[in-house]
>>> print(open('coords_14.tsv').read())   # TSV, C-alpha atoms and all ligand atoms
chain	number	residue	atom	x	y	z
A	23	MET	CA	0.00	0.00	0.00
A	24	THR	CA	1.31	3.47	-0.83
A	25	PRO	CA	1.89	5.86	2.09
A	26	GLU	CA	-0.99	8.07	0.94
A	27	ALA	CA	-3.36	5.08	0.74
A	28	GLN	CA	-2.23	4.14	4.23
A	29	LEU	CA	-2.94	7.67	5.44
A	30	ALA	CA	-6.36	7.65	3.84
A	31	THR	CA	-7.44	4.81	6.16
A	32	ARG	CA	-7.28	7.17	9.16
A	33	SER	CA	-10.19	9.33	10.18
A	34	LEU	CA	-8.37	12.62	10.75
A	35	ILE	CA	-5.26	13.89	8.98
A	36	VAL	CA	-3.55	17.10	10.08
A	37	CYS	CA	-1.13	18.58	7.56
A	38	VAL	CA	1.51	20.88	9.03
A	39	GLY	CA	4.50	22.53	7.42
A	40	PRO	CA	6.29	25.78	6.62
A	41	GLY	CA	4.76	28.48	4.44
A	42	GLY	CA	4.36	27.94	0.73
A	43	VAL	CA	5.57	24.34	0.57
A	44	GLY	CA	2.34	22.82	-0.74
A	45	LYS	CA	0.40	21.91	2.42
A	46	THR	CA	-2.92	22.96	0.97
A	47	THR	CA	-2.19	21.25	-2.34
A	48	PHE	CA	-1.21	18.05	-0.55
A	49	ALA	CA	-4.25	18.18	1.74
A	50	ALA	CA	-6.53	18.60	-1.27
A	51	ALA	CA	-4.81	15.87	-3.30
A	52	LEU	CA	-5.02	13.45	-0.40
A	53	ALA	CA	-8.69	14.25	0.12
A	54	VAL	CA	-9.36	13.68	-3.59
A	55	ALA	CA	-7.51	10.35	-3.48
A	56	ALA	CA	-9.45	9.23	-0.39
A	57	ALA	CA	-12.78	10.28	-1.89
A	58	ARG	CA	-11.93	8.40	-5.09
A	59	SER	CA	-11.37	5.29	-3.03
A	60	GLY	CA	-14.93	5.68	-1.75
A	61	ARG	CA	-14.37	7.27	1.64
A	62	ARG	CA	-16.68	10.12	2.54
A	63	THR	CA	-14.16	12.90	2.96
A	64	ALA	CA	-14.02	16.52	4.05
A	65	VAL	CA	-11.06	18.80	3.51
A	66	ILE	CA	-10.78	22.02	5.49
A	67	THR	CA	-8.29	24.26	3.75
A	68	ILE	CA	-6.75	27.55	4.80
A	69	ASP	CA	-6.54	30.28	2.25
A	70	PRO	CA	-6.11	28.04	-0.80
A	71	ALA	CA	-4.51	29.43	-3.94
A	72	ARG	CA	-7.16	30.62	-6.37
A	73	ARG	CA	-6.52	27.81	-8.85
A	74	LEU	CA	-6.73	25.17	-6.17
A	75	ALA	CA	-10.03	26.59	-4.98
A	76	ASP	CA	-11.26	26.47	-8.55
A	77	ALA	CA	-10.04	22.90	-8.91
A	78	LEU	CA	-12.12	21.94	-5.90
A	79	GLY	CA	-15.14	23.78	-7.27
A	80	LEU	CA	-14.87	26.27	-4.40
A	81	ASP	CA	-15.02	29.42	-6.46
A	82	GLY	CA	-17.46	30.93	-4.00
A	83	LEU	CA	-14.92	30.54	-1.22
A	84	ASP	CA	-16.33	30.46	2.24
A	85	ASP	CA	-16.59	28.74	5.53
A	86	GLU	CA	-19.43	26.43	4.48
A	87	LEU	CA	-18.62	22.92	3.37
A	88	ARG	CA	-19.48	22.47	-0.31
A	89	THR	CA	-19.61	19.24	-2.22
A	90	VAL	CA	-17.02	18.81	-4.93
A	91	PRO	CA	-18.89	17.68	-8.07
A	92	GLY	CA	-18.67	13.96	-8.78
A	93	LEU	CA	-16.94	12.87	-5.57
A	94	PRO	CA	-17.94	12.03	-2.00
A	95	LEU	CA	-15.86	15.04	-1.05
A	96	ASP	CA	-16.78	18.23	0.75
A	97	ALA	CA	-14.41	21.15	0.94
A	98	ALA	CA	-14.38	24.40	2.87
A	99	MET	CA	-12.03	27.21	3.48
A	100	LEU	CA	-11.53	27.94	7.14
A	101	ASP	CA	-12.40	31.57	7.51
A	102	THR	CA	-11.11	32.69	10.88
A	103	LYS	CA	-13.05	35.95	10.76
A	104	ALA	CA	-16.39	34.26	10.00
A	105	ALA	CA	-15.84	31.63	12.65
A	106	TYR	CA	-14.88	34.30	15.14
A	107	ASP	CA	-18.04	36.27	14.44
A	108	ALA	CA	-20.05	33.11	14.97
A	109	LEU	CA	-18.29	32.65	18.27
A	110	ILE	CA	-19.28	36.12	19.46
A	111	GLY	CA	-22.79	35.38	18.29
A	112	ARG	CA	-22.84	32.32	20.52
A	113	ILE	CA	-21.48	34.20	23.50
A	114	ALA	CA	-23.78	37.16	23.06
A	115	PRO	CA	-27.00	36.24	21.33
A	116	ASP	CA	-28.63	39.69	21.58
A	117	PRO	CA	-27.19	42.95	20.18
A	118	GLU	CA	-27.07	44.63	23.57
A	119	SER	CA	-24.95	42.08	25.34
A	120	ARG	CA	-22.93	41.80	22.16
A	121	GLU	CA	-22.05	45.47	22.51
A	122	ASP	CA	-21.34	44.92	26.20
A	123	ILE	CA	-18.98	42.09	25.45
A	124	LEU	CA	-17.21	43.73	22.57
A	125	GLY	CA	-16.58	46.76	24.74
A	126	ASN	CA	-15.35	44.67	27.63
A	127	ARG	CA	-11.60	45.09	27.97
A	128	VAL	CA	-11.06	41.68	29.50
A	129	TYR	CA	-12.99	40.11	26.68
A	130	GLN	CA	-10.96	42.02	24.14
A	131	SER	CA	-7.75	40.75	25.58
A	132	PHE	CA	-9.15	37.24	25.87
A	133	SER	CA	-10.26	37.28	22.28
A	134	ARG	CA	-6.90	38.53	21.11
A	135	THR	CA	-4.97	35.86	22.93
A	136	LEU	CA	-7.26	32.90	22.50
A	137	ALA	CA	-10.52	33.12	20.63
A	138	ARG	CA	-9.05	35.03	17.77
A	139	SER	CA	-6.12	32.71	17.48
A	140	HIS	CA	-6.33	30.57	14.45
A	141	ALA	CA	-5.76	27.45	16.47
A	142	TYR	CA	-8.79	28.03	18.60
A	143	VAL	CA	-11.06	28.65	15.64
A	144	ALA	CA	-9.63	25.64	13.82
A	145	MET	CA	-10.33	23.57	16.89
A	146	GLU	CA	-13.96	24.66	17.07
A	147	ARG	CA	-14.40	24.00	13.35
A	148	LEU	CA	-12.74	20.63	13.62
A	149	HIS	CA	-15.07	19.70	16.43
A	150	ASP	CA	-18.05	20.74	14.36
A	151	VAL	CA	-17.00	18.77	11.29
A	152	THR	CA	-15.77	15.63	13.01
A	153	VAL	CA	-18.62	15.33	15.47
A	154	HIS	CA	-21.53	16.43	13.30
A	155	GLY	CA	-20.28	15.82	9.75
A	156	GLY	CA	-20.48	12.02	9.57
A	157	TYR	CA	-17.29	11.80	7.50
A	158	ASP	CA	-15.02	8.79	7.19
A	159	LEU	CA	-12.06	11.09	6.87
A	160	VAL	CA	-11.40	14.75	7.64
A	161	VAL	CA	-8.24	16.35	6.23
A	162	LEU	CA	-7.18	19.51	8.03
A	163	ASP	CA	-4.83	22.02	6.45
A	164	THR	CA	-3.00	24.40	8.83
A	165	PRO	CA	-1.81	27.98	8.48
A	166	PRO	CA	1.66	28.78	7.19
A	167	THR	CA	3.37	29.55	10.46
A	168	ARG	CA	5.35	27.94	13.15
A	169	SER	CA	2.30	28.47	15.32
A	170	ALA	CA	0.73	25.50	13.53
A	171	LEU	CA	1.71	23.62	16.67
A	172	ASP	CA	-0.83	25.78	18.51
A	173	ILE	CA	-3.55	23.51	17.19
A	174	LEU	CA	-2.03	20.84	19.41
A	175	ASP	CA	-1.81	23.08	22.42
A	176	ALA	CA	-5.03	25.03	22.04
A	177	PRO	CA	-7.43	22.44	23.49
A	178	ALA	CA	-5.33	21.81	26.57
A	179	ARG	CA	-4.76	25.52	27.07
A	180	LEU	CA	-8.46	26.21	26.83
A	181	VAL	CA	-9.34	23.38	29.17
A	182	ARG	CA	-6.82	24.73	31.68
A	183	PHE	CA	-8.14	28.22	31.30
A	184	LEU	CA	-11.65	27.04	31.81
A	185	ASP	CA	-10.77	24.81	34.69
A	186	GLU	CA	-13.73	24.99	36.99
A	187	ARG	CA	-11.60	25.60	40.03
A	188	VAL	CA	-9.82	28.53	38.45
A	189	LEU	CA	-12.99	30.15	37.27
A	190	ALA	CA	-14.76	29.39	40.50
A	191	ALA	CA	-12.11	31.42	42.27
A	192	PHE	CA	-13.29	34.38	40.26
A	193	VAL	CA	-17.00	33.89	40.07
A	194	GLY	CA	-18.01	31.54	42.84
A	195	THR	CA	-20.42	28.94	41.58
A	196	GLY	CA	-23.41	30.91	40.40
A	197	GLU	CA	-24.16	32.69	37.15
A	198	ARG	CA	-24.28	35.99	38.93
A	199	GLY	CA	-21.40	35.18	41.22
A	200	ALA	CA	-18.76	37.43	39.75
A	201	ARG	CA	-20.09	40.80	40.69
A	202	ALA	CA	-21.15	39.46	44.04
A	203	TRP	CA	-17.67	38.08	44.51
A	204	ILE	CA	-16.09	41.43	43.79
A	205	ARG	CA	-18.52	43.27	46.03
A	206	ALA	CA	-18.11	40.75	48.85
A	207	ARG	CA	-14.35	41.08	48.71
A	208	GLY	CA	-14.45	44.82	48.37
A	209	THR	CA	-13.32	45.20	51.95
A	210	ASP	CA	-10.65	42.56	51.75
A	211	VAL	CA	-7.19	44.17	52.08
A	212	ALA	CA	-5.66	42.13	49.29
A	213	MET	CA	-8.57	42.95	47.03
A	214	LYS	CA	-8.28	46.63	47.81
A	215	LEU	CA	-4.64	46.48	46.90
A	216	PHE	CA	-5.39	44.58	43.71
A	217	GLY	CA	-8.19	46.96	42.91
A	218	ALA	CA	-5.90	49.92	43.43
A	219	MET	CA	-3.30	48.38	41.18
A	220	ALA	CA	-5.62	47.15	38.47
A	221	GLY	CA	-8.20	49.86	38.77
A	222	SER	CA	-11.67	49.18	40.08
A	223	ALA	CA	-13.12	49.58	36.61
A	224	LEU	CA	-10.98	46.73	35.41
A	225	MET	CA	-12.03	44.58	38.36
A	226	GLU	CA	-15.63	45.29	37.48
A	227	GLU	CA	-14.98	44.30	33.87
A	228	LEU	CA	-13.19	41.17	34.92
A	229	GLY	CA	-16.24	40.20	36.93
A	230	GLY	CA	-18.50	41.10	34.04
A	231	PHE	CA	-16.55	38.99	31.64
A	232	PHE	CA	-16.52	35.93	33.81
A	233	THR	CA	-20.18	36.30	34.60
A	234	VAL	CA	-21.10	36.22	30.92
A	235	PHE	CA	-18.54	33.57	30.27
A	236	PHE	CA	-19.42	31.30	33.14
A	237	GLY	CA	-22.54	29.86	31.58
A	238	LEU	CA	-20.67	28.99	28.41
A	239	ARG	CA	-17.71	27.48	30.14
A	240	ARG	CA	-18.92	23.90	30.03
A	241	GLY	CA	-19.57	23.94	26.29
A	242	PHE	CA	-16.13	25.35	25.54
A	243	ALA	CA	-14.39	22.93	27.82
A	244	GLU	CA	-16.27	19.91	26.53
A	245	ARG	CA	-15.53	20.70	22.90
A	246	ALA	CA	-11.90	21.33	23.70
A	247	ALA	CA	-11.65	18.01	25.53
A	248	VAL	CA	-13.20	16.16	22.58
A	249	VAL	CA	-10.74	17.72	20.13
A	250	GLN	CA	-7.82	17.09	22.46
A	251	ALA	CA	-8.73	13.39	22.65
A	252	GLN	CA	-9.23	13.28	18.91
A	253	LEU	CA	-5.83	14.75	18.16
A	254	ALA	CA	-4.22	12.11	20.35
A	255	ALA	CA	-6.24	9.20	18.96
A	256	PRO	CA	-4.51	6.47	16.93
A	257	THR	CA	-6.98	7.16	14.10
A	258	THR	CA	-5.44	10.61	13.69
A	259	ALA	CA	-2.37	11.11	11.52
A	260	PHE	CA	0.03	14.04	11.39
A	261	VAL	CA	1.75	14.73	8.11
A	262	LEU	CA	4.72	17.04	7.91
A	263	VAL	CA	4.90	18.71	4.50
A	264	THR	CA	8.03	20.54	3.43
A	265	ALA	CA	10.16	21.46	0.47
A	266	PRO	CA	13.77	20.23	0.53
A	267	ASP	CA	15.57	23.57	0.57
A	268	ALA	CA	17.47	25.04	3.51
A	269	THR	CA	14.96	27.71	4.55
A	270	HIS	CA	11.91	25.47	4.49
A	271	LEU	CA	13.76	22.58	6.09
A	272	ALA	CA	14.82	24.79	9.00
A	273	ASP	CA	11.17	25.66	9.67
A	274	ALA	CA	10.13	22.05	9.12
A	275	ALA	CA	12.77	20.93	11.63
A	276	TYR	CA	11.23	23.23	14.22
A	277	LEU	CA	7.82	21.65	13.59
A	278	ARG	CA	9.25	18.12	13.49
A	279	ASP	CA	10.96	18.59	16.84
A	280	GLY	CA	7.90	20.30	18.32
A	281	LEU	CA	5.67	17.42	17.32
A	282	LEU	CA	8.04	14.77	18.59
A	283	GLU	CA	8.56	16.64	21.88
A	284	ARG	CA	4.82	16.60	22.38
A	285	GLY	CA	4.80	12.87	21.78
A	286	THR	CA	2.86	13.34	18.58
A	287	PRO	CA	3.95	10.73	16.05
A	288	ILE	CA	4.72	11.98	12.55
A	289	ASP	CA	2.89	9.53	10.34
A	290	ALA	CA	4.40	10.67	7.07
A	291	VAL	CA	6.77	13.27	5.74
A	292	VAL	CA	6.01	14.83	2.37
A	293	PHE	CA	8.85	16.37	0.40
A	294	ASN	CA	7.15	18.51	-2.21
A	295	ARG	CA	8.92	20.11	-5.17
A	296	ALA	CA	11.66	17.66	-4.29
A	297	PHE	CA	12.92	16.60	-7.70
A	298	HIS	CA	13.03	17.65	-11.31
A	299	ALA	CA	11.64	14.82	-13.39
A	300	GLY	CA	13.00	13.68	-16.74
A	301	LEU	CA	10.75	12.71	-19.63
A	302	ASP	CA	10.23	9.28	-18.06
A	303	GLY	CA	8.93	10.89	-14.86
A	304	ARG	CA	11.95	9.73	-12.87
A	305	PRO	CA	14.33	12.16	-11.17
A	306	LEU	CA	16.71	13.63	-13.70
A	307	ALA	CA	20.23	12.32	-13.03
A	308	GLN	CA	23.65	12.61	-14.55
A	309	LYS	CA	23.18	9.25	-16.25
A	310	THR	CA	19.72	10.02	-17.66
A	311	PRO	CA	20.21	9.73	-21.43
A	312	TRP	CA	19.37	12.66	-23.68
A	313	PRO	CA	16.60	11.79	-26.10
A	314	ASP	CA	18.28	10.91	-29.45
A	315	ASP	CA	17.05	13.89	-31.40
A	316	ALA	CA	16.99	16.37	-28.52
A	317	LEU	CA	19.96	18.40	-29.60
A	318	SER	CA	20.03	17.80	-33.33
A	319	GLY	CA	18.41	19.77	-36.07
A	320	PRO	CA	19.09	22.08	-38.97
A	321	GLY	CA	20.93	25.35	-38.58
A	322	ASP	CA	23.32	26.51	-35.93
A	323	LEU	CA	21.95	25.04	-32.73
A	324	GLU	CA	25.17	25.24	-30.77
A	325	PRO	CA	24.04	28.14	-28.50
A	326	ILE	CA	20.81	26.31	-27.77
A	327	ARG	CA	22.68	23.07	-27.10
A	328	ARG	CA	24.96	24.85	-24.69
A	329	ALA	CA	22.07	26.49	-22.85
A	330	ALA	CA	20.17	23.20	-22.68
A	331	ARG	CA	23.17	21.34	-21.27
A	332	ALA	CA	23.77	24.03	-18.67
A	333	HIS	CA	20.11	24.03	-17.68
A	334	ARG	CA	20.01	20.30	-17.38
A	335	ALA	CA	23.19	20.28	-15.32
A	336	ARG	CA	21.57	22.71	-12.89
A	337	LEU	CA	18.49	20.51	-12.54
A	338	VAL	CA	20.70	17.47	-11.89
A	339	ASP	CA	22.67	19.44	-9.27
A	340	ASP	CA	19.40	20.47	-7.61
A	341	ASN	CA	18.30	16.85	-7.46
A	342	VAL	CA	21.56	15.81	-5.81
A	343	ALA	CA	21.27	18.64	-3.27
A	344	PHE	CA	17.60	17.80	-2.57
A	345	ASP	CA	18.55	14.18	-1.91
A	346	HIS	CA	21.22	15.12	0.60
A	347	ALA	CA	18.94	17.58	2.35
A	348	MET	CA	16.11	15.04	2.62
A	349	GLU	CA	18.43	12.40	4.02
A	350	ALA	CA	19.80	14.78	6.63
A	351	PHE	CA	16.29	15.79	7.62
A	352	GLU	CA	15.13	12.19	7.92
A	353	GLU	CA	18.00	11.27	10.20
A	354	GLN	CA	16.17	13.21	12.92
A	355	LEU	CA	12.90	11.41	12.28
A	356	PRO	CA	11.96	8.02	13.74
A	357	PRO	CA	13.33	5.30	11.44
A	358	LYS	CA	10.95	4.12	8.72
A	359	THR	CA	8.78	7.23	8.82
A	360	PRO	CA	6.88	6.89	5.53
A	361	ARG	CA	7.90	9.50	2.95
A	362	ILE	CA	6.21	10.81	-0.13
A	363	VAL	CA	8.52	12.58	-2.57
A	364	LEU	CA	6.76	14.76	-5.13
A	365	PRO	CA	8.23	16.47	-8.21
A	366	VAL	CA	8.51	20.10	-9.20
A	367	LEU	CA	5.51	20.28	-11.51
A	368	ASP	CA	5.54	22.25	-14.75
A	369	ALA	CA	2.24	23.81	-13.82
A	370	GLU	CA	0.50	24.10	-10.49
A	371	PRO	CA	-2.36	21.62	-10.11
A	372	ALA	CA	-5.39	23.58	-11.32
A	373	THR	CA	-7.94	20.85	-11.97
A	374	LEU	CA	-9.41	17.94	-10.07
A	375	GLU	CA	-7.65	15.59	-12.52
A	376	ALA	CA	-4.30	17.25	-11.88
A	377	LEU	CA	-4.81	16.96	-8.12
A	378	GLY	CA	-5.84	13.33	-8.52
A	379	ALA	CA	-2.74	12.62	-10.60
A	380	LEU	CA	-0.32	14.17	-8.12
A	381	PHE	CA	0.60	10.95	-6.36
A	382	ASP	CA	1.10	9.07	-9.64
A	383	GLN	CA	4.09	11.35	-10.14
A	384	ALA	CA	5.63	10.62	-6.74
A	385	ARG	CA	9.15	9.24	-6.79
A	386	GLY	CA	9.26	5.47	-7.04
A	387	ARG	CA	5.87	5.05	-8.79
B	1	LIG	N1	4.88	20.19	-6.67
B	1	LIG	C1	4.53	21.41	-7.09
B	1	LIG	N2	5.00	21.90	-8.26
B	1	LIG	C2	4.65	23.12	-8.68
B	1	LIG	N3	3.83	23.93	-8.03
B	1	LIG	C3	3.32	23.52	-6.86
B	1	LIG	C4	3.64	22.24	-6.33
B	1	LIG	N4	2.99	22.09	-5.16
B	1	LIG	C5	2.31	23.24	-4.97
B	1	LIG	N5	2.48	24.09	-5.98
B	1	LIG	C6	1.95	25.45	-6.11
B	1	LIG	O1	2.65	26.25	-5.18
B	1	LIG	C7	1.78	27.20	-4.57
B	1	LIG	C8	1.80	27.01	-3.07
B	1	LIG	O2	1.20	25.77	-2.77
B	1	LIG	P1	0.19	25.65	-1.53
B	1	LIG	O3	-0.76	26.78	-1.53
B	1	LIG	O4	-0.36	24.27	-1.55
B	1	LIG	O5	1.25	25.79	-0.37
B	1	LIG	P2	0.95	26.02	1.17
B	1	LIG	O6	2.03	25.33	1.92
B	1	LIG	O7	-0.43	25.65	1.49
B	1	LIG	O8	1.15	27.57	1.24
B	1	LIG	P3	0.75	28.52	2.48
B	1	LIG	O9	1.77	28.21	3.51
B	1	LIG	O10	0.88	29.89	1.91
B	1	LIG	O11	-0.63	28.14	2.89
B	1	LIG	C9	0.43	26.99	-5.20
B	1	LIG	O12	0.27	27.90	-6.24
B	1	LIG	C10	0.50	25.56	-5.74
B	1	LIG	O13	-0.36	25.36	-6.82
B	2	MG	MG	-1.94	26.75	2.41
>>> encode(input="coords_14.tsv", output="structure tokens", more="lines below")
Ligand SMILES: Nc1ncnc2c1ncn2[C@@H]1O[C@H](COP(=O)(O)OP(=O)(O)OP(=O)(O)O)[C@@H](O)[C@H]1O
Ligand SMILES: [Mg+2]
Amino acid sequence: MTPEAQLATRSLIVCVGPGGVGKTTFAAALAVAAARSGRRTAVITIDPARRLADALGLDGLDDELRTVPGLPLDAAMLDTKAAYDALIGRIAPDPESREDILGNRVYQSFSRTLARSHAYVAMERLHDVTVHGGYDLVVLDTPPTRSALDILDAPARLVRFLDERVLAAFVGTGERGARAWIRARGTDVAMKLFGAMAGSALMEELGGFFTVFFGLRRGFAERAAVVQAQLAAPTTAFVLVTAPDATHLADAAYLRDGLLERGTPIDAVVFNRAFHAGLDGRPLAQKTPWPDDALSGPGDLEPIRRAARAHRARLVDDNVAFDHAMEAFEEQLPPKTPRIVLPVLDAEPATLEALGALFDQARGR
């Protein structure tokens, strides 16, 4: 079984990697391959290139899952802004409390540090799709930053933040506990000091925030716990996508080490744009023969011959350098980590067919 077929037997695949290496392309190609094999699949992409979106039939890009014509495949673009608005809508169902919350300084800082973070929104979306979607497989693309690891940490961080004991310290146990708590402790020396330092207005806002938030705490915490368990489940696979050049490999190494430190197995490494193929589809090498008539013809072709030889020599050199870089990178991976090595394509995959054909062009096929 090919590594991608192996991956497609899981129920959740998280693709991480440095910026611009082909994460979204890989996620989409894998989802297409899985759907073609009959699995009901969803792919949640982040900011896909226009052509890729078109290939998936997602020209009206948005947060809603849409069915790709002709396949048991749904695709969506994770829109952090839309998901964030929905979150505020959940927290504050009526316009008045919405205004209250948006104006609340504690809420603003909370939303900046957590709710607005991509990882949090991705986590909520993932929960939605995996729990309610009824898919055999969900493929999750991640944003092009080192903070991709946040998706791993977000659930635990949220659960900690929402720990009942921590919140209870602020709000007591009742819905209306926060303000009461602040009033009751108004005479407490420590509270007076804290109030003087933080400002009583801030204390009031802190109470206000937790009061509104308290009732929602359980929902947040439960969803976070579900996602946390899901990410750790053996049915989940993490794929590290990278390109084999120094800059991308340095970022990929950071992610690789971050994943391994967290005890998250890397189920496959994808080296994209990792070789220049010859006419036979195999990596171009020194020994690859020139086609018989490639450099013959009427007229003075010498300048063209020279340019062609120089160009080819550069491609061969690239391939040698890519090989060394991949080997060095893999030395720091657990032995036998499956690898998928994909070529530099002449044109970016812009159709469903091209996406579907991506793995046929992998090295060794
Ligand atoms: N093997 C390849 N050969 C040629 N072009 C490719 C290849 N893989 C991807 N591309 C193209 O490179 C661009 C970047 O790919 P993609 O958007 O998948 O990368 P990404 O890692 O998701 O980027 P970002 O980090 O910005 O989200 C796209 O235009 C895509 O079509
Ligand atoms: Mg992308």
>>> atom_distance(input="coords_14.tsv", atom1="CA of Leu374 (chain A)", atom2="atom MG of ligand MG 2 (chain B)")
17.0 Å
>>> atom_distance(input="coords_14.tsv", atom1="CA of Lys45 (chain A)", atom2="CA of Leu80 (chain A)")
17.3 Å
>>> residues_near_ligand(input="coords_14.tsv", ligand="ligand MG 2 (chain B)", cutoff="10 Å", atoms="all atoms listed in the file", output="PyMOL selection string")
chain A and resi 37-49+67-71+74+163-166
>>> closest_residue(input="coords_14.tsv", among="A:Asp368, A:Glu244, A:Asp116, A:Glu146", to="ligand LIG 1 (chain B)", atoms="only C-alpha atoms and all ligand atoms")
A:Asp368
>>> atom_distance(input="coords_14.tsv", atom1="CA of Asp158 (chain A)", atom2="CA of Val54 (chain A)")
13.1 Å
>>> residues_around(input="coords_14.tsv", residues="Phe381 (chain A)", least_positions_apart="2", cutoff="9 Å", atoms="all atoms listed in the file", output="list of chain:residue names")
A:Glu26, A:Ala51, A:Leu52, A:Ala55, A:Ile362, A:Val363, A:Leu364, A:Leu377, A:Gly378, A:Ala379, A:Gln383, A:Ala384, A:Arg385, A:Arg387
>>> axis_aligned_box(input="coords_14.tsv", around="ligand LIG 1 (chain B)", padding_each_side="6 Å", output="lines of an AutoDock Vina configuration file")
center_x = 2.1
center_y = 25.0
center_z = -2.6
size_x = 17.8
size_y = 21.7
size_z = 24.2
>>> closest_residue(input="coords_14.tsv", among="A:Leu301, A:Ala329, A:Ala372, A:Leu148", to="Val36 (chain A)", atoms="all atoms listed in the file")
A:Leu148
>>> residues_around(input="coords_14.tsv", residues="region 84-100 of chain A", least_positions_apart="4", cutoff="6 Å", atoms="only C-alpha atoms", output="list in words")
Ala57, Arg62, Thr63, Ala64, Val65, Ile66, Thr67, Ile68, Leu78 and Gly79 of chain A
>>> closest_residue(input="coords_14.tsv", among="A:Ile288, A:Leu367, A:Leu282, A:Arg72", to="Pro256 (chain A)", atoms="all atoms listed in the file")
A:Ile288
>>> closest_residue(input="coords_14.tsv", among="A:Ala275, A:Leu159, A:Val153, A:Val292", to="Val263 (chain A)", atoms="only C-alpha atoms")
A:Val292
>>> closest_residue(input="coords_14.tsv", among="A:Val249, A:Met348, A:Leu171, A:Val366", to="Leu306 (chain A)", atoms="all atoms listed in the file")
A:Val366
>>> closest_residue(input="coords_14.tsv", among="A:Thr373, A:Asp172, A:Thr310, A:Met145", to="Ala75 (chain A)", atoms="all atoms listed in the file")
A:Thr373
>>> residues_around(input="coords_14.tsv", residues="Ala272 (chain A)", least_positions_apart="6", cutoff="10 Å", atoms="all atoms listed in the file", output="PyMOL selection string")
chain A and resi 40+264+266+278+351
>>> residues_around(input="coords_14.tsv", residues="Asp289 (chain A)", least_positions_apart="6", cutoff="9 Å", atoms="all atoms listed in the file", output="VMD selection string")
chain A and resid 29 259 to 262 359 to 361
>>> decode(input="coords_14.tsv", residues="region 296-324 of chain A", atoms="C-alpha atoms", output="PDB file, in the first residue's frame")
ATOM      1  CA  ALA A 296      11.656  17.658  -4.290  1.00  0.00           C
ATOM      2  CA  PHE A 297      12.924  16.600  -7.701  1.00  0.00           C
ATOM      3  CA  HIS A 298      13.034  17.646 -11.308  1.00  0.00           C
ATOM      4  CA  ALA A 299      11.642  14.818 -13.395  1.00  0.00           C
ATOM      5  CA  GLY A 300      13.000  13.679 -16.743  1.00  0.00           C
ATOM      6  CA  LEU A 301      10.752  12.709 -19.631  1.00  0.00           C
ATOM      7  CA  ASP A 302      10.225   9.278 -18.056  1.00  0.00           C
ATOM      8  CA  GLY A 303       8.926  10.893 -14.864  1.00  0.00           C
ATOM      9  CA  ARG A 304      11.953   9.730 -12.872  1.00  0.00           C
ATOM     10  CA  PRO A 305      14.333  12.162 -11.173  1.00  0.00           C
ATOM     11  CA  LEU A 306      16.708  13.632 -13.701  1.00  0.00           C
ATOM     12  CA  ALA A 307      20.228  12.322 -13.028  1.00  0.00           C
ATOM     13  CA  GLN A 308      23.655  12.606 -14.549  1.00  0.00           C
ATOM     14  CA  LYS A 309      23.177   9.253 -16.246  1.00  0.00           C
ATOM     15  CA  THR A 310      19.716  10.018 -17.663  1.00  0.00           C
ATOM     16  CA  PRO A 311      20.207   9.733 -21.430  1.00  0.00           C
ATOM     17  CA  TRP A 312      19.374  12.661 -23.681  1.00  0.00           C
ATOM     18  CA  PRO A 313      16.599  11.785 -26.099  1.00  0.00           C
ATOM     19  CA  ASP A 314      18.283  10.911 -29.446  1.00  0.00           C
ATOM     20  CA  ASP A 315      17.051  13.886 -31.397  1.00  0.00           C
ATOM     21  CA  ALA A 316      16.987  16.373 -28.525  1.00  0.00           C
ATOM     22  CA  LEU A 317      19.956  18.400 -29.603  1.00  0.00           C
ATOM     23  CA  SER A 318      20.029  17.801 -33.329  1.00  0.00           C
ATOM     24  CA  GLY A 319      18.414  19.768 -36.074  1.00  0.00           C
ATOM     25  CA  PRO A 320      19.087  22.079 -38.970  1.00  0.00           C
ATOM     26  CA  GLY A 321      20.931  25.355 -38.579  1.00  0.00           C
ATOM     27  CA  ASP A 322      23.323  26.506 -35.925  1.00  0.00           C
ATOM     28  CA  LEU A 323      21.955  25.036 -32.731  1.00  0.00           C
ATOM     29  CA  GLU A 324      25.168  25.243 -30.767  1.00  0.00           C
TER      30      GLU A 324
END
